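Heads up: the structure comes next, in structure tokens.
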Amino acid sequence: MELKQKGSEANVGGFKQLMVAMRWTTAADFDLAAAYETKEGKQGLVYFGEKGDLNAFPFMQLSGDEGVGDKGGKNEEVMRITKLDDMKYVWLMCWDYGRVKDGSAARFKDSDVTLSLLDDTGTSHDVTLDTGDMGNVAVIATIDNTSPIGARLINTSKAGTLKGLKKLQDLMDIINE
């Protein structure tokens, strides 16, 4: 299913493993990351500096870091999620590393960033970044796990600007704007 417009959503229900792949060919050092909030209110971040763990909390793990040095071509970063039981929300985001460092606007509008989610049953969801907003961080999608009938995937498409990533609260402020 394609979630092309901001606000569109799909059920992602129960799964044993969810693979999130962010792909781009644009010459930019984009990074896939996931901020999360547990049902107890704990917040955290999985990104290239803290790749996570599939077998222990937070039950998500990033594959690596691609496009370093604004390298164009077939870039892909993959994050796997094996358990959402303790999560209230997971925000899947992309940032332009070089632009976050200096606080300038990213190249999202001129990029071809795509986000694909594939579960262990073969169900796939593609989320298109649908924002003309300026910024260097984009919250592409939200996994909302607050409903008793299962998790929902929502095209969030929200951008914000950071100058450096000093603390998690800076990202949370963009998510909660």
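Chain labels A, B, ... are given in the sequence in which chains occur in the structure tokens; within each chain residues are numbered consecutively from 1, and ligands are likewise numbered from 1 in the order shown.
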Near Arg99 (chain A), within 10 Å and counting only C-alpha atoms, which residues show up once chain neighbours fewer than 2 positions away are dropped, as a list in words? Ala28, Asp29, Phe30, Trp95, Asp96, Tyr97, Lys101, Asp102, Gly103, Ser104, Ala105, Ala106, Arg107, Gly135, Asn136, Val137, Thr161, Leu162, Lys163 and Gly164 of chain A
Skip Ile81 (chain A) itself and residues of its chain fewer than 4 positions away, then list as a ChimeraX atom specification all residues within 9 Å of it, counting only C-alpha atoms. /A:16-20,54,58-61
Residues just named, written with C-alpha atoms as an mmCIF file, in the first residue's frame:
```cif
data_model
loop_
_atom_site.group_PDB
_atom_site.id
_atom_site.type_symbol
_atom_site.label_atom_id
_atom_site.label_comp_id
_atom_site.auth_asym_id
_atom_site.auth_seq_id
_atom_site.Cartn_x
_atom_site.Cartn_y
_atom_site.Cartn_z
ATOM 1 C CA LYS A 16 7.443 -10.877 14.039
ATOM 2 C CA GLN A 17 9.777 -8.533 12.180
ATOM 3 C CA LEU A 18 9.318 -5.246 10.380
ATOM 4 C CA MET A 19 11.990 -4.062 7.971
ATOM 5 C CA VAL A 20 12.156 -0.310 7.347
ATOM 6 C CA LEU A 54 17.053 -6.643 18.039
ATOM 7 C CA PRO A 58 14.446 -1.233 22.179
ATOM 8 C CA PHE A 59 14.046 -4.269 19.842
ATOM 9 C CA MET A 60 15.076 -2.246 16.807
ATOM 10 C CA GLN A 61 18.408 -2.002 15.057
#
```
For Tyr36 (chain A), work out the shell of residues within 6 Å, counting only C-alpha atoms and skipping chain neighbours fewer than 5 positions away, then give it as an MDAnalysis selection string. chainID A and resid 43:44 89:90
Expressed in Å to a single decimal, how great is the separation between CA of Thr128 (chain A) and CA of Glu77 (chain A)? 15.9 Å
Excluding Gln169 (chain A) and any residue of its chain fewer than 2 positions from it, enumerate the residues within 12 Å of it, using only C-alpha atoms, and give them as a VMD selection string. chain A and resid 35 to 37 42 to 45 162 165 to 167 171 to 177
